[in-house]
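Peer 1: Input structure: final_34.txt, which contains compact mmCIF, C-alpha atoms.
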```txt
# COMPACT_ATOMS: atom_id res chain seq x y z
CA MET A 1 88.14 66.37 66.51
CA GLY A 2 91.44 67.48 68.04
CA THR A 3 92.55 67.54 71.65
CA CYS A 4 89.72 68.08 74.13
CA ILE A 5 90.04 69.34 77.71
CA SER A 6 86.53 69.67 79.09
CA GLY A 7 84.98 72.25 76.74
CA ILE A 8 88.37 73.38 75.43
CA ARG A 9 89.46 71.80 72.17
CA GLU A 10 91.41 72.34 68.98
CA GLY A 11 90.10 72.45 65.44
CA ARG A 12 86.68 73.97 66.01
CA LEU A 13 86.52 75.39 62.49
CA SER A 14 87.30 74.36 58.94
CA PRO A 15 90.62 75.43 57.36
CA ALA A 16 88.71 77.86 55.13
CA ASP A 17 87.07 79.50 58.14
CA TYR A 18 90.40 79.99 59.91
CA GLU A 19 91.85 81.59 56.80
CA LYS A 20 88.86 83.89 56.38
CA ASN A 21 88.71 84.86 60.06
CA PHE A 22 92.37 85.82 60.29
CA THR A 23 92.71 87.90 57.15
CA ASP A 24 94.00 91.46 57.34
CA LEU A 25 91.70 93.62 59.50
CA HIS A 26 92.33 96.69 57.31
CA PRO A 27 93.23 95.65 53.74
CA PRO A 28 95.85 97.96 52.18
CA LEU A 29 94.98 100.72 49.75
CA ASP A 30 95.96 100.31 46.13
CA ARG A 31 97.58 103.21 44.28
CA HIS A 32 94.30 104.68 43.05
CA GLN A 33 92.64 104.41 46.46
CA ALA A 34 95.65 106.08 48.05
CA LEU A 35 95.47 108.99 45.62
CA VAL A 36 91.76 109.46 46.34
CA ALA A 37 92.28 109.25 50.10
CA SER A 38 95.21 111.68 50.04
CA ASP A 39 93.17 114.22 48.10
CA ARG A 40 90.94 114.70 51.18
CA CYS A 41 93.80 116.19 53.22
CA TYR A 42 93.79 119.96 53.78
CA PHE A 43 97.61 119.93 54.31
CA CYS A 44 97.19 122.09 57.41
CA TYR A 45 100.07 124.40 58.30
CA ASP A 46 99.79 123.81 62.05
CA ALA A 47 98.52 120.29 61.58
CA PRO A 48 96.83 118.92 64.72
CA CYS A 49 97.36 115.37 63.42
CA MET A 50 101.12 115.87 63.55
CA THR A 51 100.92 117.18 67.11
CA ALA A 52 98.85 114.12 68.08
CA CYS A 53 101.47 111.70 66.73
CA PRO A 54 103.91 110.62 69.47
CA THR A 55 106.68 110.34 66.86
CA ALA A 56 105.79 113.74 65.31
CA ILE A 57 105.68 112.44 61.73
CA ASP A 58 105.09 115.27 59.24
CA ILE A 59 101.71 113.88 58.22
CA PRO A 60 100.66 116.67 55.81
CA MET A 61 104.01 116.33 54.05
CA PHE A 62 103.84 112.59 53.48
CA ILE A 63 100.20 112.74 52.39
CA ARG A 64 101.05 115.51 49.90
CA GLN A 65 103.86 113.32 48.57
CA ILE A 66 101.42 110.45 48.08
CA SER A 67 98.98 112.79 46.32
CA THR A 68 101.71 113.65 43.79
CA GLY A 69 102.52 109.98 43.15
CA ASN A 70 105.64 109.95 45.32
CA ALA A 71 104.86 107.13 47.76
CA VAL A 72 108.57 106.35 48.17
CA GLY A 73 109.30 109.93 49.23
CA ALA A 74 106.39 109.69 51.66
CA ALA A 75 107.97 106.60 53.18
CA LYS A 76 111.21 108.51 53.72
CA THR A 77 109.30 111.27 55.52
CA ILE A 78 107.70 108.67 57.78
CA PHE A 79 110.84 106.63 58.47
CA ASP A 80 112.83 109.75 59.33
CA GLN A 81 110.69 110.01 62.45
CA ASN A 82 109.50 106.44 62.93
CA ILE A 83 111.55 103.59 61.54
CA LEU A 84 108.76 101.19 62.57
CA GLY A 85 106.19 103.23 60.70
CA GLY A 86 104.92 100.17 58.85
CA MET A 87 103.84 98.39 62.02
CA CYS A 88 102.52 101.57 63.59
CA ALA A 89 100.34 102.09 60.51
CA ARG A 90 98.78 98.72 61.27
CA VAL A 91 98.42 98.77 65.05
CA CYS A 92 98.33 102.41 66.18
CA PRO A 93 94.99 103.48 67.69
CA THR A 94 94.79 106.20 65.05
CA GLU A 95 91.17 106.77 66.03
CA THR A 96 92.38 108.29 69.32
CA LEU A 97 95.57 109.91 67.97
CA CYS A 98 96.15 111.49 64.55
CA GLU A 99 92.78 110.70 62.98
CA GLN A 100 90.87 111.94 66.00
CA ALA A 101 92.71 115.26 65.64
CA CYS A 102 92.02 115.53 61.90
CA VAL A 103 90.12 118.70 61.02
CA ARG A 104 87.98 116.75 58.55
CA ASN A 105 86.09 115.47 61.60
CA THR A 106 84.62 118.93 62.19
CA ALA A 107 82.49 119.08 59.06
CA GLU A 108 82.28 115.48 57.90
CA ASP A 109 82.87 113.36 61.02
CA ARG A 110 85.21 111.28 58.85
CA PRO A 111 88.96 111.87 59.10
CA VAL A 112 91.58 111.42 56.45
CA GLU A 113 92.63 107.76 56.50
CA ILE A 114 96.08 108.56 57.85
CA GLY A 115 96.90 105.05 59.06
CA LEU A 116 96.09 103.41 55.73
CA LEU A 117 97.99 106.09 53.83
CA GLN A 118 101.01 105.58 56.06
CA ARG A 119 100.84 101.86 55.41
CA HIS A 120 100.60 102.45 51.66
CA ALA A 121 103.78 104.52 51.70
CA THR A 122 105.87 102.29 53.95
CA ASP A 123 104.73 99.09 52.25
CA THR A 124 105.67 100.54 48.86
CA ALA A 125 109.24 101.26 49.97
CA MET A 126 109.67 97.96 51.79
CA GLU A 127 108.26 95.86 48.97
CA ARG A 128 110.68 97.51 46.55
CA GLY A 129 113.57 96.96 48.96
CA ILE A 130 114.41 100.67 49.05
CA GLN A 131 116.77 101.61 51.88
CA PHE A 132 117.02 105.29 52.81
CA TYR A 133 119.81 105.12 55.35
CA THR A 134 123.43 104.09 55.12
CA ARG A 135 125.73 103.55 58.04
CA PRO A 136 128.57 106.08 58.17
CA GLU A 137 132.16 105.31 59.12
CA ARG A 138 132.34 103.37 62.37
CA THR A 139 132.85 105.36 65.55
CA HIS A 140 134.06 102.25 67.44
CA ARG A 141 131.63 103.10 70.22
CA ARG A 142 129.72 100.04 71.47
CA ILE A 143 126.18 100.39 72.75
CA ALA A 144 124.20 97.64 74.49
CA VAL A 145 120.45 97.59 73.92
CA VAL A 146 118.43 95.25 76.12
CA GLY A 147 115.15 94.26 74.52
CA ALA A 148 114.43 93.84 70.80
CA GLY A 149 110.98 95.39 71.00
CA PRO A 150 109.84 98.67 69.43
CA ALA A 151 111.84 100.87 71.83
CA GLY A 152 115.03 98.84 71.57
CA LEU A 153 114.89 98.46 67.79
CA ALA A 154 114.18 102.16 67.23
CA CYS A 155 117.06 103.06 69.52
CA ALA A 156 119.41 100.58 67.82
CA HIS A 157 118.61 101.87 64.34
CA ARG A 158 119.15 105.51 65.28
CA LEU A 159 122.47 104.62 66.93
CA ALA A 160 123.58 102.66 63.85
CA MET A 161 122.77 105.73 61.74
CA SER A 162 125.51 107.48 63.72
CA GLY A 163 128.07 104.75 63.06
CA HIS A 164 128.03 103.05 66.47
CA ASP A 165 128.19 99.29 66.96
CA VAL A 166 125.00 98.07 68.60
CA ILE A 167 124.48 94.74 70.36
CA VAL A 168 120.82 93.97 71.09
CA PHE A 169 120.13 91.38 73.78
CA ASP A 170 116.68 89.79 73.89
CA ALA A 171 115.27 87.02 76.04
CA ARG A 172 113.01 85.52 73.36
CA VAL A 173 113.91 83.36 70.39
CA LYS A 174 112.79 86.03 67.91
CA PRO A 175 113.26 89.81 67.91
CA GLY A 176 110.30 92.15 67.69
CA GLY A 177 108.98 92.20 71.24
CA LEU A 178 105.37 93.35 71.43
CA ASN A 179 105.13 93.59 67.65
CA GLU A 180 106.04 89.92 67.29
CA TYR A 181 104.36 88.42 70.35
CA GLY A 182 101.70 90.82 71.62
CA ILE A 183 99.62 92.02 68.67
CA ALA A 184 96.42 90.36 67.47
CA THR A 185 97.16 88.11 64.49
CA TYR A 186 94.53 89.75 62.27
CA LYS A 187 96.19 93.16 62.71
CA THR A 188 99.55 92.15 61.27
CA THR A 189 99.52 89.27 58.82
CA ASP A 190 102.10 87.66 56.54
CA ASP A 191 104.87 87.66 59.15
CA PHE A 192 105.16 91.42 58.81
CA ALA A 193 106.83 91.92 62.20
CA GLN A 194 109.86 89.87 61.16
CA ARG A 195 110.00 91.42 57.70
CA GLU A 196 110.09 94.84 59.33
CA VAL A 197 112.91 93.74 61.65
CA ASP A 198 114.88 92.52 58.63
CA TYR A 199 114.29 95.85 56.87
CA LEU A 200 115.51 97.77 59.92
CA LEU A 201 118.61 95.59 60.37
CA ALA A 202 119.67 96.08 56.75
CA ILE A 203 121.44 99.30 57.74
CA GLY A 204 124.18 97.17 59.31
CA GLY A 205 126.04 97.58 62.57
CA ILE A 206 123.29 95.95 64.66
CA GLU A 207 123.78 92.46 66.12
CA ILE A 208 120.84 90.68 67.75
CA ARG A 209 121.57 88.09 70.42
CA ASN A 210 118.44 86.11 71.22
CA GLY A 211 117.90 83.96 74.29
CA GLN A 212 119.83 86.45 76.44
CA LYS A 213 117.99 87.65 79.54
CA LEU A 214 119.01 90.50 81.81
CA GLY A 215 119.53 89.26 85.35
CA ARG A 216 120.04 85.66 84.24
CA ASP A 217 122.73 85.73 81.56
CA PHE A 218 124.29 89.09 82.38
CA THR A 219 123.84 91.99 84.77
CA LEU A 220 123.29 95.67 84.22
CA GLY A 221 126.57 96.37 85.97
CA GLU A 222 128.43 94.15 83.50
CA LEU A 223 126.87 95.96 80.56
CA ALA A 224 127.70 99.38 81.99
CA GLU A 225 131.30 98.26 82.48
CA ASN A 226 131.77 96.77 79.01
CA PHE A 227 129.83 99.19 76.81
CA ASP A 228 129.98 102.93 76.21
CA ALA A 229 126.25 103.23 76.92
CA VAL A 230 123.25 101.02 77.69
CA PHE A 231 119.61 101.33 76.66
CA LEU A 232 116.94 99.31 78.47
CA GLY A 233 113.79 98.49 76.55
CA ILE A 234 112.83 95.45 78.60
CA GLY A 235 109.06 95.93 78.62
CA LEU A 236 106.72 94.30 81.11
CA ALA A 237 107.26 90.63 81.91
CA GLY A 238 104.62 89.81 84.50
CA VAL A 239 100.82 89.57 84.42
CA ASN A 240 98.61 90.74 87.27
CA ALA A 241 96.81 87.97 89.12
CA LEU A 242 93.07 87.83 89.74
CA ARG A 243 93.74 87.05 93.40
CA VAL A 244 90.56 85.04 93.77
CA GLU A 245 89.77 81.48 94.78
CA GLY A 246 90.14 78.95 91.96
CA GLU A 247 92.66 80.93 89.92
CA GLN A 248 94.91 77.86 89.76
CA LEU A 249 92.29 75.72 87.98
CA THR A 250 93.00 74.32 84.52
CA GLY A 251 91.49 76.68 81.98
CA VAL A 252 92.54 79.92 83.66
CA GLU A 253 95.21 81.43 81.40
CA ASP A 254 97.09 84.66 80.80
CA ALA A 255 95.72 86.54 77.79
CA VAL A 256 99.21 87.66 76.75
CA ASP A 257 100.38 84.04 76.54
CA PHE A 258 97.32 83.13 74.48
CA ILE A 259 97.96 85.99 72.04
CA ALA A 260 101.65 85.09 71.77
CA ALA A 261 100.89 81.41 71.12
CA LEU A 262 98.42 82.30 68.39
CA ARG A 263 100.97 84.62 66.79
CA GLN A 264 103.62 81.89 66.62
CA VAL A 265 101.59 78.85 65.57
CA ASP A 266 101.63 77.76 61.93
CA ASN A 267 98.14 76.24 61.99
CA LYS A 268 95.43 78.17 63.85
CA ALA A 269 93.52 74.91 64.34
CA ASP A 270 96.24 73.80 66.78
CA ILE A 271 95.16 76.44 69.31
CA ALA A 272 92.59 74.98 71.69
CA ILE A 273 89.70 77.26 72.63
CA GLY A 274 86.68 76.83 74.88
CA ARG A 275 83.01 76.88 74.00
CA ARG A 276 82.32 79.55 76.61
CA VAL A 277 85.16 82.00 77.18
CA VAL A 278 85.33 84.81 79.74
CA VAL A 279 87.97 87.55 79.50
CA ILE A 280 88.69 89.69 82.55
CA GLY A 281 89.93 93.20 81.71
CA GLY A 282 89.17 96.33 79.72
CA GLY A 283 92.26 97.13 77.68
CA MET A 284 93.61 96.26 74.25
CA THR A 285 94.85 92.88 75.45
CA ALA A 286 91.37 91.96 76.63
CA ILE A 287 89.85 92.98 73.29
CA ASP A 288 92.51 91.13 71.26
CA ALA A 289 92.08 87.96 73.32
CA ALA A 290 88.29 88.08 73.17
CA VAL A 291 88.04 88.75 69.43
CA GLN A 292 90.55 86.02 68.61
CA ALA A 293 88.76 83.54 70.87
CA LYS A 294 85.64 84.20 68.82
CA LEU A 295 87.56 83.91 65.54
CA LEU A 296 88.89 80.52 66.70
CA GLY A 297 85.36 79.22 67.08
CA ALA A 298 84.30 79.92 70.66
CA GLU A 299 80.51 79.96 70.85
CA GLU A 300 80.22 82.55 73.61
CA VAL A 301 82.84 85.14 74.56
CA THR A 302 82.24 87.64 77.35
CA ILE A 303 84.47 90.47 78.52
CA CYS A 304 83.95 91.44 82.16
CA TYR A 305 85.21 94.87 83.16
CA ARG A 306 84.92 96.30 86.65
CA ARG A 307 84.14 99.87 85.57
CA GLY A 308 82.00 101.58 82.92
CA LYS A 309 82.35 101.70 79.14
CA GLU A 310 83.94 105.16 79.19
CA ASP A 311 86.65 103.94 81.57
CA MET A 312 87.91 101.13 79.35
CA ASN A 313 91.45 101.57 78.08
CA ALA A 314 90.46 99.97 74.78
CA SER A 315 89.32 102.59 72.29
CA GLU A 316 85.70 102.88 71.24
CA PHE A 317 86.68 101.51 67.83
CA GLU A 318 88.18 98.40 69.43
CA GLN A 319 85.13 97.93 71.62
CA GLU A 320 82.86 98.16 68.58
CA LEU A 321 85.10 95.74 66.71
CA ALA A 322 84.69 93.21 69.51
CA THR A 323 80.92 93.49 69.60
CA SER A 324 80.76 93.25 65.80
CA LYS A 325 82.49 89.89 66.08
CA GLY A 326 79.93 88.64 68.58
CA VAL A 327 81.78 89.41 71.82
CA MET A 328 79.59 90.53 74.71
CA ILE A 329 81.10 93.30 76.85
CA ARG A 330 79.68 93.52 80.37
CA HIS A 331 80.59 96.43 82.61
CA TRP A 332 80.59 96.93 86.38
CA LEU A 333 81.57 93.32 87.12
CA GLN A 334 84.61 92.02 88.99
CA PRO A 335 85.73 88.41 89.55
CA LYS A 336 84.93 86.95 92.93
CA ARG A 337 85.59 83.21 92.56
CA VAL A 338 86.50 80.77 89.80
CA ILE A 339 84.22 77.77 89.98
CA GLY A 340 85.75 74.39 89.19
CA LYS A 341 84.76 70.82 88.53
CA ASP A 342 87.28 67.97 88.55
CA GLY A 343 90.12 70.51 88.66
CA ARG A 344 88.92 72.41 85.60
CA VAL A 345 87.10 75.68 85.09
CA ALA A 346 83.31 75.38 85.02
CA GLY A 347 82.34 79.00 85.59
CA ILE A 348 83.14 82.23 87.33
CA GLU A 349 81.30 84.03 90.09
CA VAL A 350 81.30 87.77 89.55
CA GLU A 351 80.26 90.65 91.77
CA TYR A 352 78.53 93.76 90.58
CA THR A 353 80.45 96.97 91.28
CA GLY A 354 79.65 100.64 91.60
CA MET A 355 81.07 103.94 92.79
CA GLN A 356 80.73 104.65 96.51
CA ASP A 357 82.13 107.91 97.89
CA GLY A 358 84.16 108.31 94.73
CA LYS A 359 85.72 104.86 94.96
CA LEU A 360 85.03 101.59 93.17
CA ALA A 361 83.40 99.06 95.47
CA GLY A 362 81.56 95.77 95.27
CA THR A 363 77.82 95.93 95.81
CA GLY A 364 77.53 92.48 97.35
CA GLU A 365 75.27 91.30 94.53
CA THR A 366 76.75 88.35 92.65
CA GLY A 367 76.06 86.16 89.67
CA ILE A 368 77.63 83.20 87.89
CA LEU A 369 78.80 83.00 84.28
CA ALA A 370 79.29 79.55 82.76
CA ALA A 371 82.82 79.22 81.35
CA ASP A 372 85.32 76.54 80.46
CA GLN A 373 88.15 79.00 79.74
CA ILE A 374 89.09 82.27 81.43
CA PHE A 375 91.70 84.74 80.17
CA LYS A 376 93.32 87.23 82.55
CA ALA A 377 93.95 90.60 80.92
CA ILE A 378 94.12 92.96 83.88
CA GLY A 379 97.48 94.52 83.15
CA GLN A 380 101.13 93.58 83.09
CA THR A 381 103.76 94.27 85.70
CA PHE A 382 107.39 95.30 85.70
CA ASP A 383 109.89 93.07 87.51
CA PRO A 384 112.53 95.31 89.12
CA ALA A 385 114.70 92.37 90.20
CA SER A 386 116.81 92.57 87.02
CA VAL A 387 117.68 96.24 87.64
CA PRO A 388 118.30 96.37 91.41
CA ASN A 389 120.47 99.50 91.26
CA LEU A 390 118.01 101.73 89.40
CA ARG A 391 115.60 104.20 90.95
CA LEU A 392 111.96 103.39 90.27
CA ASP A 393 108.93 105.57 89.73
CA GLY A 394 105.52 104.00 90.31
CA GLY A 395 106.99 100.52 90.01
CA ARG A 396 108.83 101.17 86.74
CA ILE A 397 112.25 102.60 85.84
CA ALA A 398 112.56 106.30 86.61
CA VAL A 399 113.98 108.43 83.80
CA ASP A 400 114.43 112.12 83.05
CA ALA A 401 113.15 113.95 79.98
CA GLU A 402 115.90 112.41 77.80
CA GLY A 403 115.40 108.87 79.03
CA LYS A 404 118.40 108.86 81.38
CA THR A 405 118.08 106.59 84.41
CA SER A 406 119.58 107.09 87.86
CA MET A 407 122.65 105.10 86.77
CA ALA A 408 125.39 106.75 84.71
CA ARG A 409 125.52 105.74 81.03
CA VAL A 410 122.17 103.91 81.24
CA TRP A 411 119.01 105.03 79.43
CA ALA A 412 115.56 103.39 79.28
CA GLY A 413 112.35 103.63 77.30
CA GLY A 414 109.19 101.78 76.29
CA ASP A 415 106.78 100.04 78.62
CA CYS A 416 109.41 99.62 81.36
CA ILE A 417 109.23 103.35 82.14
CA ARG A 418 106.22 105.29 83.36
CA SER A 419 105.87 107.90 80.65
CA GLY A 420 103.18 108.19 78.02
CA GLU A 421 100.83 105.43 76.90
CA ASP A 422 101.96 101.82 76.52
CA LEU A 423 101.79 101.92 72.73
CA THR A 424 104.16 100.80 69.99
CA VAL A 425 104.40 104.34 68.63
CA THR A 426 105.21 105.78 72.07
CA SER A 427 107.94 103.18 72.59
CA VAL A 428 109.45 104.01 69.19
CA ALA A 429 109.56 107.70 70.07
CA GLN A 430 111.22 107.01 73.42
CA GLY A 431 113.82 104.67 71.91
CA ARG A 432 114.60 107.14 69.12
CA ASP A 433 114.91 110.08 71.50
CA ALA A 434 117.09 108.13 73.94
CA ALA A 435 119.43 107.30 71.03
CA ASP A 436 119.73 111.00 70.25
CA SER A 437 120.54 111.67 73.91
CA ILE A 438 123.16 108.91 73.88
CA ASN A 439 124.71 110.43 70.76
CA ARG A 440 124.94 113.81 72.42
CA ALA A 441 126.51 112.30 75.52
CA LEU A 442 129.07 110.36 73.49
CA ALA A 443 129.92 113.43 71.43
CA ALA A 444 130.47 115.42 74.61
CA ALA A 445 133.02 112.92 75.93
CA ALA A 446 136.64 113.83 75.20
CA ASP A 447 137.43 110.33 73.98
CA PRO A 448 135.97 106.79 74.19
CA ALA A 449 137.74 106.15 77.49
CA VAL A 450 135.94 109.00 79.26
CA ALA A 451 132.86 107.97 81.21
CA VAL A 452 129.61 109.29 79.79
CA ALA A 453 127.33 110.83 82.42
```
Take the structure in the file and give it back as structure tokens.
Peer 2:
Amino acid sequence: MGTCISGIREGRLSPADYEKNFTDLHPPLDRHQALVASDRCYFCYDAPCMTACPTAIDIPMFIRQISTGNAVGAAKTIFDQNILGGMCARVCPTETLCEQACVRNTAEDRPVEIGLLQRHATDTAMERGIQFYTRPERTHRRIAVVGAGPAGLACAHRLAMSGHDVIVFDARVKPGGLNEYGIATYKTTDDFAQREVDYLLAIGGIEIRNGQKLGRDFTLGELAENFDAVFLGIGLAGVNALRVEGEQLTGVEDAVDFIAALRQVDNKADIAIGRRVVVIGGGMTAIDAAVQAKLLGAEEVTICYRRGKEDMNASEFEQELATSKGVMIRHWLQPKRVIGKDGRVAGIEVEYTGMQDGKLAGTGETGILAADQIFKAIGQTFDPASVPNLRLDGGRIAVDAEGKTSMARVWAGGDCIRSGEDLTVTSVAQGRDAADSINRALAAAADPAVAVA
């Protein structure tokens, strides 16, 4: 029966059910399917899909290459702009980015399948082991990158393409950041995150040092003193609290920890899940946690969000995915009190909300949802303690248009800065662009001994 804590237990399903439930959400296109899908593209001159892509991939170009049987060339077009194009093809909310902008929507209400076509191209190149980039002669410039997530890896790769030596420091035991620890398991199967990291590192000149945390094992000042430049891609480490009575009860968990644990476990049956699960939040993390709770065998899964459907950060596609899996999404509810029994979660008292004078407010009307497990997914927070000398903007690192921070020779990008959406593709763009800025700054210096502003 597995370990049982109140209504939370392991092994709710058969091995066959776990395997079926956690198969690839969007199976890849085969060659014929890719040719058919690519034939629907108009190859627009001023393509709105390209404008909608944070990494500005030449989408009409790579789709045309696929249509002519040149999937490898298409991969090169993609990787030139987004070296993590394989993961982005899997996890990007294409329905709100490139595919939403597709002109096919006007007449047919069905866009070109850009995400699947991008995956077809990048998978083809990776599966054949084709490398498009070689590291030039070493410049003997040393760059420190803190964080081996999408921003840090994209920055490191672009710097290695210029011949610099890059040392990537990461607090976790594996590189990959959000791609490795924060994405729903059914969106990226077969250990793809690590295979993509290996593909990226094949260029050479990039050393990853795991288990190294900024503020604990080294300081920003030490990095700035010992390296020619520093890039910070440290993400968001904290999780917002519910700030209600009973939050400390057994069974109240962080959704990000739940998702990370499920990503790293070998046997899905080892993850304990409740019979009745409540998820608090309205973003992608809430959806990922809720859907996976259902896939693990939870009988009832309810998402409670304090505002309306149109205000949820999760896309309409993701919301529909959740409901198709049996998740109930309830709007205009906020947590008021976690109800416990013998130190464990037994339910949650929620309060109905509404807009009063343009502001969200509780109505005073309450209700109780039975629950033996509650996941908090109400946003993550940035911890500024590790970067005490940097100027902040809205609680995150302040940067200029090129990613430069308030400290000389230090750049930043990804979720730790307040710019753009907290998406893998946005982080890649910021890491890539910061690397280009670092290259320009290094080139402008008279010699390696000159400080780079």
Peer 1: May I ask for the distance between CA of Ala445 in chain A and CA of Ile203 in chain A, given in Å to one decimal place?
Peer 2: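 So the answer is 25.5 Å.
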Peer 1: So which residues touch range 91-97 of chain A within 10 Å, counting all atoms listed in the file, skipping near sequence neighbours fewer than 5 positions away, as an MDAnalysis selection string?
Peer 2: chainID A and resid 48:54 85:86 102 111 113:116 179 183:184 187:188 284 314:318 423:426
Peer 1: Please compute the CA of Ser427 in chain A-CA of Arg141 in chain A distance, one decimal, in Å.
Peer 2: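 Those two atoms sit 23.8 Å apart.
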Peer 1: Suppose you want the space between CA of Gln212 in chain A and CA of Glu421 in chain A; what is it in Å?
Peer 2: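 Separation between CA of Gln212 in chain A and CA of Glu421 in chain A: 26.9 Å.
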Peer 1: When distances are computed from only C-alpha atoms, which of A:Ile374, A:Leu295, A:Val239, A:Leu200 shows the smallest separation from Asn21 in chain A?
Peer 2: A:Leu295
Peer 1: Hey, could you pull the box centre and edge lengths for range 109-124 of chain A, axis-aligned, 8 Å padding per side, all listed atoms, to one decimal in Å, as AutoDock Vina command-line options?
Peer 2:
```
--center_x 94.4 --center_y 106.2 --center_z 54.9 --size_x 39.0 --size_y 30.3 --size_z 28.2
```
Peer 1: Residues near Arg276 in chain A, anyone? I mean within 6 Å using only C-alpha atoms, not counting same-chain ones fewer than 5 positions away, as a VMD selection string.
Peer 2: chain A and resid 300 to 301 371 to 372
Peer 1: With the cut-off set at 6 Å and counting only C-alpha atoms, tabulate each residue of range 194-308 of chain A with an atom at most that distance from an atom of range 411-417 of chain A, showing the nearest atom pair and its distance in Å to one decimal, ordered by chain and increasing number, as a tab-separated table.
Peer 2:
```
residue	atom	partner	partner_atom	distance
A:Phe231	CA	A:Trp411	CA	4.7
A:Leu232	CA	A:Ala412	CA	4.4
A:Gly233	CA	A:Gly413	CA	5.4
A:Gly235	CA	A:Cys416	CA	4.6
A:Leu236	CA	A:Cys416	CA	6.0
```
Peer 1: Point out the residue among A:Gly238, A:Gly431, A:Pro28, A:Gly358 with the least atom-to-atom distance to Thr189 in chain A, counting only C-alpha atoms.
Peer 2: A:Pro28
Peer 1: Please identify all polymer residues within 10 Å of Asn313 in chain A, counting all atoms listed in the file, omitting same-chain residues fewer than 4 positions from it, and present them as a list in words.
Peer 2: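 Returned residues: Gly281, Gly282, Gly283, Met284, Thr285, Ala286, Ile287, Lys309, Glu318 and Gln319 of chain A.
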Peer 1: Need to verify the contact set: Asp46 in chain A, 12 Å, all atoms listed in the file, exclusion of same-chain residues closer than 6 positions in sequence. Can you return it as a PyMOL selection string?
Peer 2: chain A and resi 52+58-61+101-103
Peer 1: Nearest to His164 in chain A among A:Gly205, A:Asp311, A:Gly340, A:Val146, with distances taken over all atoms listed in the file: which residue is it?
Peer 2: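 Once distances to His164 in chain A are computed over all atoms listed in the file, the minimum belongs to A:Gly205.
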Peer 1: Around the point (105.5, 111.6, 46.9) (coordinates from the file), which residues reach within 12 Å if we count all atoms listed in the file? Answer as a PyMOL selection string.
Peer 2: chain A and resi 31+34-35+38+60-78+117-118+120-122+124-125
Peer 1: With all atoms listed in the file as the basis for distance, which of A:Gly221, A:Gly176, A:Pro136, A:Gly403 is at the shortest distance from Leu153 in chain A?
Peer 2: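 Smallest distance to Leu153 in chain A is found for A:Gly176.
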Peer 1: Identify, on the basis of only C-alpha atoms, every residue whose closest approach to Asp217 in chain A does not exceed 12 Å; exclude the query and any residue fewer than 4 positions from it along the same chain; express the result as a PyMOL selection string.
Peer 2: chain A and resi 146+169-171+209-213+222-223+386
Peer 1: Which residue is closest to Ala385 in chain A? Choose from A:Thr219, A:Val252, A:Gly308, A:Ser162 and count only C-alpha atoms.
Peer 2: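 Ranked by minimum distance to Ala385 in chain A, first place goes to A:Thr219.
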Peer 1: Using all atoms listed in the file, which of the listed residues (A:Gly354, A:Pro388, A:Gly182, A:Gly149) sits closest to Leu220 in chain A?
Peer 2: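 The shortest atom-to-atom distance to Leu220 in chain A comes from A:Pro388.
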